[in-house]
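**Student:** Following this line is data_30.txt, made up of compact mmCIF, C-alpha atoms:
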```
# COMPACT_ATOMS: atom_id res chain seq x y z
CA MET E 130 -1.88 -1.46 7.81
CA SER E 131 1.46 -2.91 8.56
CA ARG E 132 3.64 -3.68 5.58
CA GLY E 133 4.71 -6.82 7.44
CA LEU E 134 1.30 -8.44 7.08
CA ARG E 135 1.43 -10.21 3.75
CA PRO E 136 0.04 -13.75 4.19
CA GLY E 137 -2.68 -14.95 1.90
CA PRO E 138 -2.85 -14.97 -1.89
CA GLY E 139 -1.54 -11.76 -3.43
CA GLY E 140 -0.92 -10.13 -0.05
CA ARG E 141 -4.58 -10.51 0.94
CA TRP E 142 -3.82 -11.03 4.64
CA TRP E 143 -7.53 -11.05 5.55
CA MET E 144 -7.85 -14.38 3.72
CA ASP E 145 -5.30 -16.04 6.02
CA ALA E 146 -7.61 -18.26 8.11
CA ALA E 147 -5.52 -18.16 11.29
CA LEU E 148 -5.08 -14.38 11.21
CA ALA E 149 -8.74 -13.82 10.35
CA GLN E 150 -9.71 -15.95 13.34
CA ARG E 151 -7.34 -14.10 15.70
CA LEU E 152 -8.79 -10.78 14.55
CA GLY E 153 -12.37 -12.06 14.68
CA LEU E 154 -13.07 -11.20 11.04
CA SER E 155 -16.46 -12.24 9.74
CA THR E 156 -16.96 -13.73 6.30
CA ASP E 157 -18.82 -10.54 5.36
CA GLN E 158 -15.82 -8.42 6.39
CA GLN E 159 -13.47 -10.61 4.35
CA THR E 160 -15.76 -10.26 1.33
CA LYS E 161 -15.89 -6.47 1.75
CA MET E 162 -12.11 -6.26 2.11
CA ASP E 163 -11.67 -8.37 -1.01
CA ALA E 164 -13.96 -5.97 -2.89
CA VAL E 165 -11.93 -2.95 -1.74
CA TYR E 166 -8.74 -4.72 -2.82
CA GLN E 167 -10.10 -5.73 -6.23
CA GLN E 168 -11.46 -2.23 -6.89
CA SER E 169 -8.04 -0.72 -6.16
CA ARG E 170 -5.89 -3.35 -7.82
CA LEU E 171 -6.14 -2.29 -11.47
CA ARG E 172 -5.54 1.37 -10.59
CA LEU E 173 -2.46 0.40 -8.57
CA ILE E 174 -1.16 -1.73 -11.44
CA ASP E 175 -1.63 1.15 -13.92
CA LEU E 176 0.04 3.67 -11.61
CA SER E 177 2.95 1.34 -10.95
CA ALA E 178 3.43 0.78 -14.68
CA SER E 179 3.35 4.52 -15.33
CA LEU E 180 6.00 5.06 -12.67
CA GLN E 181 8.21 2.36 -14.16
CA LYS E 182 7.86 3.85 -17.65
CA ASP E 183 8.72 7.35 -16.48
CA GLU E 184 11.70 6.05 -14.50
CA ALA E 185 12.88 4.20 -17.61
CA SER E 186 12.52 7.39 -19.64
CA LEU E 187 14.67 9.26 -17.14
CA GLU E 188 17.64 6.89 -17.44
CA PRO E 189 18.74 7.81 -20.98
CA LEU E 190 18.38 11.52 -20.16
CA LEU E 191 20.95 11.07 -17.40
CA GLU E 192 23.33 8.80 -19.34
CA VAL E 193 24.38 11.35 -21.95
CA ASP E 194 27.62 13.32 -21.56
CA ARG E 195 25.83 16.64 -21.13
CA PRO E 196 22.32 16.11 -19.70
CA ASP E 197 19.72 18.69 -20.64
CA GLU E 198 18.79 20.06 -17.23
CA GLY E 199 15.33 21.18 -18.33
CA LYS E 200 14.43 17.78 -19.74
CA VAL E 201 15.89 15.95 -16.74
CA LEU E 202 14.05 18.12 -14.23
CA ALA E 203 10.78 17.81 -16.14
CA GLN E 204 11.13 14.02 -16.17
CA ILE E 205 12.00 13.98 -12.46
CA ASP E 206 8.79 15.94 -11.86
CA ARG E 207 6.83 13.27 -13.75
CA VAL E 208 8.46 10.50 -11.71
CA ALA E 209 7.75 12.35 -8.46
CA GLN E 210 4.11 12.89 -9.49
CA ASP E 211 3.77 9.20 -10.40
CA ARG E 212 5.14 8.18 -7.00
CA ALA E 213 2.77 10.55 -5.23
CA GLU E 214 -0.25 9.22 -7.14
CA LEU E 215 0.77 5.62 -6.43
CA GLU E 216 1.17 6.36 -2.71
CA LYS E 217 -2.20 8.12 -2.55
CA ALA E 218 -3.97 5.26 -4.32
CA ASN E 219 -2.34 2.74 -2.00
CA ALA E 220 -3.29 4.81 1.05
CA ARG E 221 -6.91 5.03 -0.18
CA MET E 222 -7.00 1.26 -0.52
CA LEU E 223 -5.53 0.73 2.95
CA LEU E 224 -7.99 3.20 4.43
CA GLY E 225 -10.83 1.34 2.70
CA LEU E 226 -9.60 -1.91 4.23
CA ARG E 227 -9.27 -0.32 7.65
CA ASN E 228 -12.80 1.07 7.46
CA VAL E 229 -14.14 -2.49 7.28
CA LEU E 230 -12.51 -3.34 10.62
CA THR E 231 -13.86 -2.51 14.05
CA PRO E 232 -11.59 -0.37 16.28
CA ASP E 233 -10.74 -3.49 18.32
CA GLN E 234 -9.84 -5.46 15.19
CA TRP E 235 -7.66 -2.58 14.00
CA LYS E 236 -5.73 -2.58 17.28
CA LYS E 237 -5.30 -6.36 17.09
CA LEU E 238 -4.04 -6.03 13.53
CA GLN E 239 -1.48 -3.43 14.59
CA LEU E 240 -0.24 -5.76 17.31
CA GLU E 241 0.03 -8.59 14.79
CA GLY E 242 2.11 -6.38 12.52
CA ALA E 243 4.35 -5.27 15.38
CA GLN E 244 4.95 -8.87 16.40
CA ARG E 245 5.75 -9.94 12.83
CA ASP E 246 8.07 -6.98 12.31
CA ASN E 247 9.66 -7.59 15.73
CA ARG E 248 9.04 -4.04 16.90
CA PRO E 249 7.26 -2.55 19.92
CA PRO E 250 3.45 -2.33 19.70
CA PRO E 251 1.93 1.05 18.78
CA ARG E 252 1.22 3.42 21.67
CA GLY E 253 -1.67 5.46 20.35
CA GLY E 254 -1.41 8.58 18.27
CA PRO E 255 -3.55 9.95 15.46
CA GLY E 256 -6.33 7.63 14.44
CA LEU E 257 -5.39 4.84 16.84
CA ASP E 258 -7.89 5.49 19.59
```
Transcribe the structure of this file into structure tokens.

**Tutor:**
Amino acid sequence: MSRGLRPGPGGRWWMDAALAQRLGLSTDQQTKMDAVYQQSRLRLIDLSASLQKDEASLEPLLEVDRPDEGKVLAQIDRVAQDRAELEKANARMLLGLRNVLTPDQWKKLQLEGAQRDNRPPPRGGPGLD
């Protein structure tokens, strides 16, 4: 999904009536997409909070005169792992949303995102056909 598509409450672009109409989304599809979003939301909030906490724990380790390399590197590993988990959870949610769409709706959505982001439309590639 394009990061440029954010209308609707809480970034729920499928609830934007005009966009939903342009894509040809049914009420059932909107309901299913809302369910995917709600199921993912708490996990994403928890993962984001964990990332923020681990980033905050890294700061004082770096602010001392002589940082302990072992502690700093271990904390960086935790931050990197948090980021990876957050990205995977977000990707799973986006894939769940995409799976509700028909291939034609997906292509229309990509065009919408390209137009909003003022970039050329996608030209195919993995998973676009």

**Student:** Using only C-alpha atoms, which of E:Glu184, E:Ala213, E:Leu223, E:Leu240 sits nearest E:Arg141?

**Tutor:**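 Nearest candidate to E:Arg141 out of E:Glu184, E:Ala213, E:Leu223, E:Leu240: E:Leu223.
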
**Student:** Between atom CA of E:Thr160 and atom CA of E:Asp145, measure the distance and give it in Å to one decimal.

**Tutor:**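 It comes out at 12.8 Å.
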
**Student:** Which distance in Å separates atom CA of E:Ala203 and atom CA of E:Leu187, to one decimal?

**Tutor:**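 Pair atom CA of E:Ala203 / atom CA of E:Leu187 returns 9.4 Å.
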
**Student:** So that I can check the surroundings of E:Ile205, please list as number ranges by chain every protein, DNA and RNA residue that reaches within 12 Å of it, counting only C-alpha atoms and ignoring chain neighbours fewer than 3 positions away.

**Tutor:** E: 180, 183-188, 190-191, 198-202, 208-212

**Student:** Just the selected residues (C-alpha atoms), exported as a JSON list (two decimals), in the coordinates of the input, please.

**Tutor:**
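Final output, result_5.json:
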```
[["chain", "number", "residue", "atom", "x", "y", "z"],
["E", 180, "LEU", "CA", 6.00, 5.06, -12.67],
["E", 183, "ASP", "CA", 8.72, 7.35, -16.48],
["E", 184, "GLU", "CA", 11.70, 6.05, -14.50],
["E", 185, "ALA", "CA", 12.88, 4.20, -17.61],
["E", 186, "SER", "CA", 12.52, 7.39, -19.64],
["E", 187, "LEU", "CA", 14.67, 9.26, -17.14],
["E", 188, "GLU", "CA", 17.64, 6.89, -17.44],
["E", 190, "LEU", "CA", 18.38, 11.52, -20.16],
["E", 191, "LEU", "CA", 20.95, 11.07, -17.40],
["E", 198, "GLU", "CA", 18.79, 20.06, -17.23],
["E", 199, "GLY", "CA", 15.33, 21.18, -18.33],
["E", 200, "LYS", "CA", 14.43, 17.78, -19.74],
["E", 201, "VAL", "CA", 15.89, 15.95, -16.74],
["E", 202, "LEU", "CA", 14.05, 18.12, -14.23],
["E", 208, "VAL", "CA", 8.46, 10.50, -11.71],
["E", 209, "ALA", "CA", 7.75, 12.35, -8.46],
["E", 210, "GLN", "CA", 4.11, 12.89, -9.49],
["E", 211, "ASP", "CA", 3.77, 9.20, -10.40],
["E", 212, "ARG", "CA", 5.14, 8.18, -7.00]]
```

**Student:** Quick one: pull the distance between atom CA of E:Leu148 and atom CA of E:Leu224, Å, one decimal.

**Tutor:**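 Straight-line distance from atom CA of E:Leu148 to atom CA of E:Leu224 works out to 19.1 Å.
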
**Student:** Could you add whatever atoms are missing so that stretch 193-206 of chain E carries N, CA and C atoms, then write the result as a PDB file, in the coordinates of the input?

**Tutor:**
```
ATOM      1  N   VAL E 193      23.629  10.606 -20.932  1.00  0.00           N
ATOM      2  CA  VAL E 193      24.380  11.350 -21.950  1.00  0.00           C
ATOM      3  C   VAL E 193      25.494  12.158 -21.287  1.00  0.00           C
ATOM      4  N   ASP E 194      26.482  12.564 -22.089  1.00  0.00           N
ATOM      5  CA  ASP E 194      27.620  13.320 -21.560  1.00  0.00           C
ATOM      6  C   ASP E 194      27.203  14.653 -20.948  1.00  0.00           C
ATOM      7  N   ARG E 195      26.287  15.338 -21.612  1.00  0.00           N
ATOM      8  CA  ARG E 195      25.830  16.640 -21.130  1.00  0.00           C
ATOM      9  C   ARG E 195      24.302  16.614 -21.008  1.00  0.00           C
ATOM     10  N   PRO E 196      23.778  16.174 -19.867  1.00  0.00           N
ATOM     11  CA  PRO E 196      22.320  16.110 -19.700  1.00  0.00           C
ATOM     12  C   PRO E 196      21.664  17.480 -19.848  1.00  0.00           C
ATOM     13  N   ASP E 197      20.517  17.475 -20.504  1.00  0.00           N
ATOM     14  CA  ASP E 197      19.720  18.690 -20.640  1.00  0.00           C
ATOM     15  C   ASP E 197      18.947  18.876 -19.331  1.00  0.00           C
ATOM     16  N   GLU E 198      19.365  19.871 -18.572  1.00  0.00           N
ATOM     17  CA  GLU E 198      18.790  20.060 -17.230  1.00  0.00           C
ATOM     18  C   GLU E 198      17.274  20.229 -17.271  1.00  0.00           C
ATOM     19  N   GLY E 199      16.772  20.962 -18.229  1.00  0.00           N
ATOM     20  CA  GLY E 199      15.330  21.180 -18.330  1.00  0.00           C
ATOM     21  C   GLY E 199      14.573  19.881 -18.544  1.00  0.00           C
ATOM     22  N   LYS E 200      15.084  19.063 -19.470  1.00  0.00           N
ATOM     23  CA  LYS E 200      14.430  17.780 -19.740  1.00  0.00           C
ATOM     24  C   LYS E 200      14.528  16.848 -18.534  1.00  0.00           C
ATOM     25  N   VAL E 201      15.691  16.826 -17.901  1.00  0.00           N
ATOM     26  CA  VAL E 201      15.890  15.950 -16.740  1.00  0.00           C
ATOM     27  C   VAL E 201      14.953  16.365 -15.600  1.00  0.00           C
ATOM     28  N   LEU E 202      14.907  17.658 -15.321  1.00  0.00           N
ATOM     29  CA  LEU E 202      14.050  18.120 -14.230  1.00  0.00           C
ATOM     30  C   LEU E 202      12.570  17.888 -14.521  1.00  0.00           C
ATOM     31  N   ALA E 203      12.170  18.072 -15.770  1.00  0.00           N
ATOM     32  CA  ALA E 203      10.780  17.810 -16.140  1.00  0.00           C
ATOM     33  C   ALA E 203      10.438  16.329 -15.960  1.00  0.00           C
ATOM     34  N   GLN E 204      11.374  15.457 -16.330  1.00  0.00           N
ATOM     35  CA  GLN E 204      11.130  14.020 -16.170  1.00  0.00           C
ATOM     36  C   GLN E 204      11.122  13.633 -14.699  1.00  0.00           C
ATOM     37  N   ILE E 205      11.994  14.235 -13.916  1.00  0.00           N
ATOM     38  CA  ILE E 205      12.000  13.980 -12.460  1.00  0.00           C
ATOM     39  C   ILE E 205      10.661  14.397 -11.868  1.00  0.00           C
ATOM     40  N   ASP E 206      10.113  15.508 -12.328  1.00  0.00           N
ATOM     41  CA  ASP E 206       8.790  15.940 -11.860  1.00  0.00           C
ATOM     42  C   ASP E 206       7.728  14.903 -12.177  1.00  0.00           C
TER      43      ASP E 206
END
```
